[in-house]
>>> print(open('target-v3.cif').read())   # mmCIF, C-alpha atoms and all ligand atoms
data_my_file
#
loop_
_atom_site.label_atom_id
_atom_site.label_comp_id
_atom_site.auth_asym_id
_atom_site.auth_seq_id
_atom_site.Cartn_x
_atom_site.Cartn_y
_atom_site.Cartn_z
CA MET F 1 -14.18 -9.66 -2.78
CA GLY F 2 -12.62 -6.64 -1.11
CA ILE F 3 -14.53 -3.39 -1.10
CA GLU F 4 -13.86 -0.11 -2.80
CA VAL F 5 -12.40 2.82 -0.85
CA ILE F 6 -13.35 6.25 -2.19
CA VAL F 7 -11.27 9.22 -1.02
CA GLU F 8 -12.66 12.64 -1.94
CA GLY F 9 -11.03 16.04 -1.42
CA LEU F 10 -9.15 14.97 1.71
CA THR F 11 -7.05 17.61 3.51
CA LYS F 12 -5.06 17.00 6.70
CA SER F 13 -3.13 19.54 8.78
CA PHE F 14 -1.40 19.54 12.15
CA GLY F 15 -1.72 23.09 13.48
CA THR F 16 -0.50 25.38 10.71
CA GLN F 17 1.32 22.56 8.84
CA THR F 18 -0.73 21.13 5.96
CA VAL F 19 0.40 17.53 5.38
CA TRP F 20 -1.52 17.14 2.11
CA GLN F 21 -4.59 18.72 0.57
CA ASP F 22 -7.44 17.82 -1.72
CA VAL F 23 -6.45 14.17 -2.15
CA THR F 24 -8.94 12.32 -4.34
CA LEU F 25 -8.57 8.70 -5.45
CA THR F 26 -10.40 5.36 -5.51
CA LEU F 27 -8.86 2.08 -4.39
CA PRO F 28 -10.56 -0.40 -6.73
CA PRO F 29 -12.09 -3.45 -5.01
CA GLY F 30 -9.70 -6.36 -4.57
CA GLU F 31 -6.79 -4.60 -6.32
CA VAL F 32 -3.38 -3.87 -4.83
CA SER F 33 -2.38 -0.20 -4.71
CA VAL F 34 0.90 1.33 -3.56
CA MET F 35 1.35 4.86 -2.20
CA LEU F 36 4.83 6.24 -2.76
CA GLY F 37 6.42 9.46 -1.63
CA PRO F 38 9.61 10.83 -0.11
CA SER F 39 9.95 10.68 3.68
CA GLY F 40 7.68 13.00 5.56
CA THR F 41 5.13 13.52 2.77
CA GLY F 42 2.37 12.06 4.90
CA LYS F 43 1.96 8.47 3.72
CA THR F 44 1.42 7.11 7.22
CA VAL F 45 -0.91 10.00 8.02
CA PHE F 46 -2.86 9.01 4.89
CA LEU F 47 -3.23 5.38 6.03
CA LYS F 48 -4.36 6.48 9.48
CA SER F 49 -6.89 8.87 7.93
CA VAL F 50 -8.33 6.14 5.70
CA ILE F 51 -9.00 3.94 8.72
CA GLY F 52 -10.38 6.84 10.76
CA LEU F 53 -7.61 7.01 13.37
CA LEU F 54 -6.77 10.58 12.34
CA LYS F 55 -9.35 13.22 11.43
CA PRO F 56 -8.74 15.23 8.26
CA GLU F 57 -10.22 18.73 8.33
CA ARG F 58 -11.92 18.39 4.95
CA GLY F 59 -13.10 15.65 2.61
CA ARG F 60 -14.54 12.13 2.88
CA VAL F 61 -13.35 8.52 2.90
CA LEU F 62 -16.22 6.24 1.90
CA VAL F 63 -16.02 2.58 2.86
CA GLY F 64 -19.14 0.48 2.33
CA GLY F 65 -21.44 3.48 2.90
CA VAL F 66 -19.60 4.79 5.99
CA ASP F 67 -17.63 8.04 5.87
CA MET F 68 -14.51 7.31 7.94
CA VAL F 69 -14.06 11.07 8.52
CA ASN F 70 -17.51 12.41 9.30
CA SER F 71 -19.78 9.51 10.33
CA PRO F 72 -20.68 8.97 14.00
CA GLU F 73 -17.83 7.32 15.96
CA ARG F 74 -19.76 4.07 16.50
CA ASP F 75 -20.26 3.62 12.72
CA ILE F 76 -16.55 4.27 12.14
CA TYR F 77 -15.69 1.74 14.86
CA GLU F 78 -17.86 -0.89 13.14
CA ALA F 79 -16.44 -0.10 9.67
CA ARG F 80 -12.92 -0.40 11.07
CA LYS F 81 -13.58 -4.13 11.49
CA LEU F 82 -13.45 -4.40 7.67
CA PHE F 83 -9.78 -3.41 7.83
CA GLY F 84 -6.59 -5.28 8.62
CA LEU F 85 -3.69 -3.00 9.52
CA MET F 86 -0.05 -4.02 9.37
CA PHE F 87 2.24 -1.53 11.08
CA GLN F 88 5.90 -0.91 10.17
CA ASP F 89 7.38 -2.82 13.11
CA GLY F 90 4.65 -5.44 13.37
CA ALA F 91 3.46 -3.64 16.57
CA LEU F 92 3.45 -6.90 18.52
CA PHE F 93 3.09 -7.19 22.30
CA GLY F 94 6.57 -8.12 23.54
CA SER F 95 5.34 -10.27 26.41
CA LEU F 96 2.98 -12.43 24.32
CA ASN F 97 4.11 -15.25 22.07
CA LEU F 98 3.25 -15.09 18.37
CA PHE F 99 0.16 -17.28 18.80
CA ASP F 100 -1.32 -15.00 21.48
CA ASN F 101 -0.35 -11.88 19.54
CA ILE F 102 -2.11 -13.16 16.42
CA ALA F 103 -5.12 -14.38 18.45
CA PHE F 104 -5.46 -10.99 20.18
CA PRO F 105 -8.03 -9.35 17.82
CA LEU F 106 -10.18 -12.52 17.89
CA ARG F 107 -10.22 -12.58 21.71
CA GLU F 108 -10.81 -8.82 21.85
CA HIS F 109 -13.49 -8.42 19.16
CA THR F 110 -15.29 -11.78 18.89
CA ARG F 111 -16.85 -14.38 21.17
CA LYS F 112 -15.30 -17.32 19.37
CA LYS F 113 -14.38 -20.45 21.32
CA GLU F 114 -10.70 -21.17 21.94
CA SER F 115 -10.83 -24.17 19.57
CA GLU F 116 -12.12 -21.94 16.76
CA ILE F 117 -9.52 -19.27 17.60
CA ARG F 118 -6.77 -21.92 17.37
CA ARG F 119 -8.01 -23.04 13.96
CA ILE F 120 -8.09 -19.51 12.55
CA VAL F 121 -4.74 -18.48 14.05
CA MET F 122 -2.95 -21.59 12.79
CA GLU F 123 -4.43 -21.11 9.32
CA ARG F 124 -3.04 -17.54 9.18
CA VAL F 125 0.28 -18.65 10.69
CA GLU F 126 0.60 -21.12 7.83
CA MET F 127 -0.40 -18.50 5.24
CA VAL F 128 2.50 -16.23 6.25
CA GLY F 129 4.98 -19.12 6.55
CA LEU F 130 5.45 -19.07 10.35
CA LEU F 131 4.41 -22.63 11.21
CA GLY F 132 6.54 -23.84 14.10
CA ALA F 133 7.37 -20.33 15.33
CA GLU F 134 4.01 -19.62 16.98
CA GLY F 135 5.35 -20.29 20.49
CA LYS F 136 8.19 -17.75 20.20
CA LEU F 137 8.27 -14.28 21.71
CA PRO F 138 8.68 -11.31 19.31
CA GLY F 139 12.13 -10.63 20.80
CA GLU F 140 13.30 -14.12 19.80
CA ILE F 141 12.64 -13.81 16.05
CA SER F 142 13.95 -11.74 13.13
CA GLY F 143 12.45 -8.47 11.88
CA GLY F 144 11.07 -10.22 8.79
CA MET F 145 9.31 -12.81 10.93
CA ARG F 146 7.86 -10.06 13.14
CA LYS F 147 6.45 -8.38 10.04
CA ARG F 148 4.89 -11.63 8.88
CA ALA F 149 3.39 -12.13 12.34
CA GLY F 150 1.98 -8.58 12.13
CA LEU F 151 0.48 -9.49 8.78
CA ALA F 152 -1.03 -12.71 10.18
CA ARG F 153 -2.60 -10.68 12.99
CA ALA F 154 -4.01 -8.22 10.42
CA LEU F 155 -5.70 -11.18 8.70
CA VAL F 156 -7.51 -12.95 11.54
CA LEU F 157 -10.72 -10.94 11.31
CA ASP F 158 -11.02 -11.70 7.56
CA PRO F 159 -10.46 -8.10 6.46
CA GLN F 160 -11.82 -6.84 3.16
CA ILE F 161 -9.27 -4.03 3.11
CA ILE F 162 -5.63 -4.46 4.13
CA LEU F 163 -3.39 -1.47 4.86
CA CYS F 164 0.37 -2.12 5.11
CA ASP F 165 2.74 0.56 6.37
CA GLU F 166 6.22 0.01 4.90
CA PRO F 167 6.22 -3.80 4.86
CA ASP F 168 9.88 -3.69 3.74
CA SER F 169 11.34 -1.34 6.38
CA GLY F 170 14.38 -2.89 8.01
CA LEU F 171 14.41 -5.91 5.69
CA ASP F 172 17.23 -6.99 3.37
CA PRO F 173 16.47 -7.24 -0.39
CA VAL F 174 15.87 -11.01 -0.25
CA ARG F 175 13.39 -10.74 2.64
CA THR F 176 11.74 -7.83 0.80
CA SER F 177 11.24 -10.10 -2.24
CA PHE F 178 9.62 -12.70 0.02
CA ILE F 179 7.29 -10.08 1.50
CA SER F 180 6.38 -8.87 -2.02
CA GLN F 181 5.48 -12.42 -3.05
CA LEU F 182 3.54 -12.94 0.18
CA LEU F 183 1.43 -9.82 -0.47
CA ILE F 184 0.57 -11.01 -3.99
CA ASP F 185 -0.18 -14.53 -2.71
CA LEU F 186 -2.47 -13.13 -0.03
CA ASN F 187 -4.30 -11.08 -2.61
CA ALA F 188 -4.81 -14.22 -4.72
CA GLN F 189 -6.11 -16.14 -1.69
CA ILE F 190 -8.47 -13.58 -0.15
CA ASP F 191 -9.12 -11.00 -2.92
CA ALA F 192 -8.95 -8.12 -0.41
CA THR F 193 -8.44 -4.49 -1.42
CA MET F 194 -4.85 -3.62 -0.44
CA LEU F 195 -3.00 -0.34 0.08
CA ILE F 196 0.74 -0.50 0.70
CA VAL F 197 2.83 2.46 1.74
CA THR F 198 6.47 2.11 0.78
CA HIS F 199 9.64 3.77 -0.52
CA ASN F 200 10.85 0.48 -1.95
CA LEU F 201 11.31 0.65 -5.71
CA ASP F 202 11.21 -3.12 -6.21
CA ILE F 203 7.88 -3.40 -4.44
CA ALA F 204 6.60 -0.42 -6.42
CA ALA F 205 7.71 -1.95 -9.73
CA THR F 206 6.46 -5.50 -9.22
CA VAL F 207 3.60 -5.69 -6.71
CA PRO F 208 0.78 -3.18 -7.32
CA ASP F 209 -2.02 -2.89 -9.82
CA ASN F 210 -2.15 0.85 -9.11
CA MET F 211 0.29 3.43 -7.85
CA GLY F 212 0.03 6.88 -6.32
CA MET F 213 2.56 9.40 -5.17
CA LEU F 214 2.44 12.17 -2.57
CA PHE F 215 4.75 15.17 -2.92
CA ARG F 216 4.64 18.83 -1.92
CA ARG F 217 1.38 18.42 -0.05
CA GLU F 218 -0.40 17.03 -3.11
CA LEU F 219 -1.28 13.70 -4.64
CA VAL F 220 0.92 14.03 -7.76
CA ALA F 221 -0.70 11.09 -9.53
CA PHE F 222 -2.74 7.97 -8.93
CA GLY F 223 -3.60 5.35 -11.52
CA PRO F 224 -2.70 2.03 -13.12
CA ARG F 225 0.92 1.04 -12.35
CA GLU F 226 1.94 1.54 -15.99
CA LEU F 227 0.83 5.18 -15.83
CA LEU F 228 3.37 6.04 -13.14
CA LEU F 229 6.07 3.69 -14.36
CA THR F 230 6.04 5.48 -17.75
CA SER F 231 5.29 8.95 -16.36
CA ASP F 232 7.15 12.04 -17.59
CA GLU F 233 6.34 13.92 -14.38
CA PRO F 234 9.83 14.91 -13.09
CA VAL F 235 9.11 14.03 -9.46
CA VAL F 236 7.69 10.61 -10.36
CA ARG F 237 10.62 9.84 -12.68
CA GLN F 238 13.18 10.96 -10.14
CA PHE F 239 11.63 8.91 -7.36
CA LEU F 240 11.20 5.77 -9.46
CA SER F 241 14.76 5.98 -10.76
CA GLY F 242 16.15 6.69 -7.28
CA ARG F 243 18.32 9.59 -8.52
CA LYS F 244 19.62 12.71 -6.78
CA ASP F 245 18.81 15.06 -9.63
CA GLY F 246 15.30 16.39 -9.76
CA PRO F 247 12.78 18.18 -7.60
CA ILE F 248 13.19 15.90 -4.54
CA GLY F 249 15.97 16.96 -2.18
CA MET F 250 17.29 15.82 1.18
CA SER F 251 14.62 17.79 3.01
CA GLU F 252 11.89 16.63 0.65
CA GLU F 253 11.96 19.62 -1.72
CA LYS F 254 14.92 21.41 -3.23
CA ASP F 255 14.87 25.18 -3.26
CA GLU F 256 14.65 27.08 -6.54
CA ALA F 257 18.37 28.01 -6.50
CA THR F 258 19.52 24.39 -6.23
CA LEU F 259 17.19 23.33 -9.02
CA ALA F 260 18.43 26.17 -11.26
CA ARG F 261 22.08 25.19 -10.55
CA GLU F 262 21.35 21.59 -11.51
CA GLN F 263 19.76 22.66 -14.75
CA VAL F 264 22.76 24.86 -15.64
CA GLY F 265 25.03 21.95 -14.72
CA GLY F 266 23.25 19.86 -17.33
CA HIS F 267 21.76 17.31 -14.96
CA SER F 268 18.69 15.76 -16.38
CA LEU F 269 16.66 12.64 -15.94
CA PRO F 270 17.48 9.66 -18.15
CA THR F 271 15.86 9.75 -21.58
CA ALA F 272 16.25 6.07 -22.45
CA PRO F 273 12.93 4.23 -22.83
CA ARG F 274 11.83 2.76 -19.51
CA ARG F 275 11.19 -0.91 -19.21
CA VAL F 276 8.15 -1.80 -17.14
CA ALA F 277 8.94 -4.88 -15.07
CA PRO F 278 6.31 -7.62 -15.14
CA GLN F 279 3.98 -7.79 -12.14
CA LEU F 280 4.48 -10.72 -9.76
CA GLU F 281 2.25 -13.75 -10.26
CA PRO F 282 0.84 -15.78 -7.36
CA SER F 283 3.02 -18.73 -6.30
CA PRO F 284 2.40 -22.07 -8.05
CA GLY F 285 -0.61 -23.91 -6.64
CA LEU F 286 -2.49 -20.75 -5.70
CA PRO F 287 -5.59 -19.54 -7.56
CA PRO F 288 -5.16 -16.70 -10.10
CA ARG F 289 -5.81 -13.21 -8.74
CA GLN F 290 -9.43 -12.31 -9.40
CA ALA F 291 -8.45 -8.64 -9.53
CA VAL F 292 -6.54 -9.16 -12.79
CA GLN F 293 -9.60 -9.45 -15.05
CA ARG F 294 -11.48 -6.71 -13.19
CA ARG F 295 -8.50 -4.37 -13.56
CA ARG F 296 -8.16 -5.25 -17.22
CA ALA F 297 -11.75 -4.15 -17.89
CA ARG F 298 -11.21 -0.99 -15.86
CA VAL F 299 -8.01 -0.01 -17.67
CA LEU F 300 -9.53 -0.70 -21.09
CA ALA F 301 -12.45 1.56 -20.15
CA MET F 302 -10.01 4.46 -19.61
CA TRP F 303 -7.95 3.63 -22.72
CA ASP F 304 -8.62 6.91 -24.56
CA GLN F 305 -7.29 8.97 -21.65
CA LEU F 306 -4.00 7.07 -21.30
CA PRO F 307 -0.75 8.40 -22.81
CA ALA F 308 0.80 6.34 -25.65
CA ALA F 309 3.72 5.07 -23.50
CA THR F 310 1.29 3.87 -20.83
CA ARG F 311 -0.84 2.06 -23.42
CA GLU F 312 2.21 0.31 -24.78
CA ALA F 313 3.22 -0.84 -21.31
CA VAL F 314 -0.33 -2.00 -20.56
CA GLN F 315 -0.50 -3.90 -23.86
CA ALA F 316 2.80 -5.62 -23.17
CA GLY F 317 1.47 -6.91 -19.84
CA LEU F 318 -2.12 -7.69 -20.79
CA VAL F 319 -3.21 -11.28 -20.52
CA PRO F 320 -5.89 -11.91 -23.16
CA ALA F 321 -9.29 -12.79 -21.74
CA GLN F 322 -10.50 -16.31 -22.49
CA GLY F 323 -11.57 -16.73 -26.11
CA GLU F 324 -9.91 -13.48 -27.17
CA PRO F 325 -6.97 -13.28 -29.58
CA ALA F 326 -3.66 -12.31 -27.91
N1 LIG R 401 0.30 13.13 15.44
C1 LIG R 401 1.01 14.04 14.79
N2 LIG R 401 1.09 15.31 15.25
C2 LIG R 401 1.78 16.27 14.59
N3 LIG R 401 2.43 16.06 13.42
C3 LIG R 401 2.39 14.83 12.91
C4 LIG R 401 1.68 13.75 13.56
N4 LIG R 401 1.81 12.62 12.80
C5 LIG R 401 2.57 12.98 11.73
N5 LIG R 401 2.92 14.27 11.79
C6 LIG R 401 3.71 15.01 10.78
O1 LIG R 401 3.12 14.78 9.50
C7 LIG R 401 4.12 14.69 8.49
C8 LIG R 401 3.97 13.40 7.71
O2 LIG R 401 4.32 12.29 8.52
P1 LIG R 401 4.23 10.77 8.01
O3 LIG R 401 4.77 9.92 9.10
O4 LIG R 401 2.85 10.49 7.56
O5 LIG R 401 5.20 10.78 6.77
P2 LIG R 401 5.64 9.55 5.86
O6 LIG R 401 5.46 9.99 4.44
O7 LIG R 401 4.91 8.32 6.29
O8 LIG R 401 7.17 9.48 6.22
P3 LIG R 401 8.20 8.22 6.23
O9 LIG R 401 8.27 7.75 4.81
O10 LIG R 401 9.47 8.84 6.68
O11 LIG R 401 7.61 7.19 7.17
C9 LIG R 401 5.48 14.79 9.23
O12 LIG R 401 5.93 16.11 9.12
C10 LIG R 401 5.13 14.46 10.65
O13 LIG R 401 5.99 15.10 11.55
#
>>> encode(input="target-v3.cif", output="structure tokens")
Amino acid sequence: MGIEVIVEGLTKSFGTQTVWQDVTLTLPPGEVSVMLGPSGTGKTVFLKSVIGLLKPERGRVLVGGVDMVNSPERDIYEARKLFGLMFQDGALFGSLNLFDNIAFPLREHTRKKESEIRRIVMERVEMVGLLGAEGKLPGEISGGMRKRAGLARALVLDPQIILCDEPDSGLDPVRTSFISQLLIDLNAQIDATMLIVTHNLDIAATVPDNMGMLFRRELVAFGPRELLLTSDEPVVRQFLSGRKDGPIGMSEEKDEATLAREQVGGHSLPTAPRRVAPQLEPSPGLPPRQAVQRRRARVLAMWDQLPAATREAVQAGLVPAQGEPA
């Protein structure tokens, strides 16, 4: 099972620019979480801070007893081996074929024999649906295939935590649906804790167990997917409905005058009840996701604190535990 990631009071600045402050959340073990936010709100900076590649000024990120912000560098280096990181563009070496790209972390970080490396690489190549393409160079394949190769490479060291930076960027809607299904299938197969950064509303609506959103240098919300999908928070509603009207503007935030004009002009967010799309299921033939029952117990434990609309959405999607009435 994947391990929990606890983020406490995290603040990151570059010079005088604060990217976000006092971010606190827990990525539950083995569950899939998505971090949303308009461009430039610091989602990538957040991923890099979780894995210890960037140093926040304040706060902690606890991963299996190691603080990825404040522990000695050698402990952070060791803990980083628990992670698999998938970058936006796949970050592949252009001169190496897909096989050698995917084998790279194994050759770099382990002393495994070539025969063992081949077995592991081919297993991951199959998992991401790239069998037959392993001899190609990154420049000879499509963007979607490069992303899948990047994902295969993130998987070779058997990570317990997988971080994906915009797995949909540059992909058409059909390829994005395939990537969404692949992420859920992976979660069913390896039960890793996953954090996905994206702007994509389809991924947000159908993939995660939990969602969070960064805006105006704060974590606006983080919780079960139904909490954000039914949220009345204007910024969350605007983002999830993909509309122009609301607090998010072209340069992230609208100024007060623009917001006041919109209100006078009668613009408002839709009031119709929102339908929460069902979460994707693993593909036929794969095991059920182990995270589902764990999440169910977790959400029921916070039942009293959830708004009525969220409870309704949770109830609509709850699969009864064995032996329990529906
Ligand atoms: N190494 C760095 N040095 C200085 N500023 C940086 C650095 N990395 C990121 N930033 C700044 O931090 C802010 C957040 O950047 P980040 O890439 O995390 O945003 P994002 O939410 O991932 O955006 P997008 O959705 O467009 O990818 C930006 O203003 C960016 O310019």
>>> axis_aligned_box(input="target-v3.cif", around="ligand LIG 401 (chain R)", padding_each_side="8 Å", output="AutoDock Vina command-line options")
--center_x 4.9 --center_y 11.7 --center_z 9.9 --size_x 25.2 --size_y 25.1 --size_z 27.0
>>> atom_distance(input="target-v3.cif", atom1="CA of Gly9 (chain F)", atom2="CA of Asp67 (chain F)")
12.7 Å
>>> closest_residue(input="target-v3.cif", among="F:Gly246, F:Thr230, F:Val220, F:Pro284", to="Thr310 (chain F)", atoms="all atoms listed in the file")
F:Thr230
>>> residues_near_ligand(input="target-v3.cif", ligand="ligand LIG 401 (chain R)", cutoff="6 Å", atoms="only C-alpha atoms and all ligand atoms", output="list in words")
Phe14, Val19, Pro38, Ser39, Gly40, Thr41, Gly42, Lys43, Thr44 and Val45 of chain F
>>> atom_distance(input="target-v3.cif", atom1="CA of Ala154 (chain F)", atom2="CA of Met86 (chain F)")
5.9 Å
>>> closest_atom_pairs(input="target-v3.cif", of="region 2-89 of chain F", to="region 207-210 of chain F", cutoff="6 Å", atoms="all atoms listed in the file", output="Markdown table")
| residue | atom | partner | partner_atom | distance |
| --- | --- | --- | --- | --- |
| F:Val32 | CA | F:Pro208 | CA | 4.9 |
| F:Ser33 | CA | F:Asn210 | CA | 4.5 |
| F:Val34 | CA | F:Pro208 | CA | 5.9 |
>>> atom_distance(input="target-v3.cif", atom1="CA of Val5 (chain F)", atom2="CA of Phe222 (chain F)")
13.6 Å
>>> build_atoms(input="target-v3.cif", residues="region 139-158 of chain F", atoms="N, CA and C atoms", output="PDB file, keeping the file's coordinate frame")
ATOM      1  N   GLY F 139      10.710 -10.927  20.625  1.00  0.00           N
ATOM      2  CA  GLY F 139      12.130 -10.630  20.800  1.00  0.00           C
ATOM      3  C   GLY F 139      13.043 -11.772  20.371  1.00  0.00           C
ATOM      4  N   GLU F 140      12.472 -12.957  20.147  1.00  0.00           N
ATOM      5  CA  GLU F 140      13.300 -14.120  19.800  1.00  0.00           C
ATOM      6  C   GLU F 140      13.361 -14.390  18.292  1.00  0.00           C
ATOM      7  N   ILE F 141      12.687 -13.541  17.506  1.00  0.00           N
ATOM      8  CA  ILE F 141      12.640 -13.810  16.050  1.00  0.00           C
ATOM      9  C   ILE F 141      13.155 -12.612  15.268  1.00  0.00           C
ATOM     10  N   SER F 142      13.383 -12.808  13.961  1.00  0.00           N
ATOM     11  CA  SER F 142      13.950 -11.740  13.130  1.00  0.00           C
ATOM     12  C   SER F 142      12.876 -10.693  12.788  1.00  0.00           C
ATOM     13  N   GLY F 143      13.363  -9.549  12.271  1.00  0.00           N
ATOM     14  CA  GLY F 143      12.450  -8.470  11.880  1.00  0.00           C
ATOM     15  C   GLY F 143      11.466  -8.927  10.808  1.00  0.00           C
ATOM     16  N   GLY F 144      11.942  -9.743   9.864  1.00  0.00           N
ATOM     17  CA  GLY F 144      11.070 -10.220   8.790  1.00  0.00           C
ATOM     18  C   GLY F 144       9.962 -11.111   9.345  1.00  0.00           C
ATOM     19  N   MET F 145      10.332 -11.945  10.331  1.00  0.00           N
ATOM     20  CA  MET F 145       9.310 -12.810  10.930  1.00  0.00           C
ATOM     21  C   MET F 145       8.299 -11.982  11.717  1.00  0.00           C
ATOM     22  N   ARG F 146       8.797 -10.921  12.386  1.00  0.00           N
ATOM     23  CA  ARG F 146       7.860 -10.060  13.140  1.00  0.00           C
ATOM     24  C   ARG F 146       6.868  -9.406  12.182  1.00  0.00           C
ATOM     25  N   LYS F 147       7.353  -8.998  11.022  1.00  0.00           N
ATOM     26  CA  LYS F 147       6.450  -8.380  10.040  1.00  0.00           C
ATOM     27  C   LYS F 147       5.395  -9.383   9.574  1.00  0.00           C
ATOM     28  N   ARG F 148       5.862 -10.629   9.345  1.00  0.00           N
ATOM     29  CA  ARG F 148       4.890 -11.630   8.880  1.00  0.00           C
ATOM     30  C   ARG F 148       3.869 -11.936   9.974  1.00  0.00           C
ATOM     31  N   ALA F 149       4.337 -11.911  11.238  1.00  0.00           N
ATOM     32  CA  ALA F 149       3.390 -12.130  12.340  1.00  0.00           C
ATOM     33  C   ALA F 149       2.388 -10.973  12.398  1.00  0.00           C
ATOM     34  N   GLY F 150       2.881  -9.740  12.152  1.00  0.00           N
ATOM     35  CA  GLY F 150       1.980  -8.580  12.130  1.00  0.00           C
ATOM     36  C   GLY F 150       0.951  -8.717  11.024  1.00  0.00           C
ATOM     37  N   LEU F 151       1.389  -9.278   9.902  1.00  0.00           N
ATOM     38  CA  LEU F 151       0.480  -9.490   8.780  1.00  0.00           C
ATOM     39  C   LEU F 151      -0.556 -10.565   9.139  1.00  0.00           C
ATOM     40  N   ALA F 152      -0.099 -11.650   9.775  1.00  0.00           N
ATOM     41  CA  ALA F 152      -1.030 -12.710  10.180  1.00  0.00           C
ATOM     42  C   ALA F 152      -2.082 -12.141  11.125  1.00  0.00           C
ATOM     43  N   ARG F 153      -1.638 -11.274  12.053  1.00  0.00           N
ATOM     44  CA  ARG F 153      -2.600 -10.680  12.990  1.00  0.00           C
ATOM     45  C   ARG F 153      -3.588  -9.783  12.239  1.00  0.00           C
ATOM     46  N   ALA F 154      -3.104  -9.080  11.195  1.00  0.00           N
ATOM     47  CA  ALA F 154      -4.010  -8.220  10.420  1.00  0.00           C
ATOM     48  C   ALA F 154      -5.054  -9.039   9.670  1.00  0.00           C
ATOM     49  N   LEU F 155      -4.808 -10.347   9.528  1.00  0.00           N
ATOM     50  CA  LEU F 155      -5.700 -11.180   8.700  1.00  0.00           C
ATOM     51  C   LEU F 155      -6.756 -11.951   9.479  1.00  0.00           C
ATOM     52  N   VAL F 156      -6.643 -12.007  10.818  1.00  0.00           N
ATOM     53  CA  VAL F 156      -7.510 -12.950  11.540  1.00  0.00           C
ATOM     54  C   VAL F 156      -8.991 -12.585  11.513  1.00  0.00           C
ATOM     55  N   LEU F 157      -9.298 -11.306  11.324  1.00  0.00           N
ATOM     56  CA  LEU F 157     -10.720 -10.940  11.310  1.00  0.00           C
ATOM     57  C   LEU F 157     -11.277 -10.922   9.875  1.00  0.00           C
ATOM     58  N   ASP F 158     -10.601 -11.629   8.961  1.00  0.00           N
ATOM     59  CA  ASP F 158     -11.020 -11.700   7.560  1.00  0.00           C
ATOM     60  C   ASP F 158     -11.270 -10.318   6.958  1.00  0.00           C
TER      61      ASP F 158
END
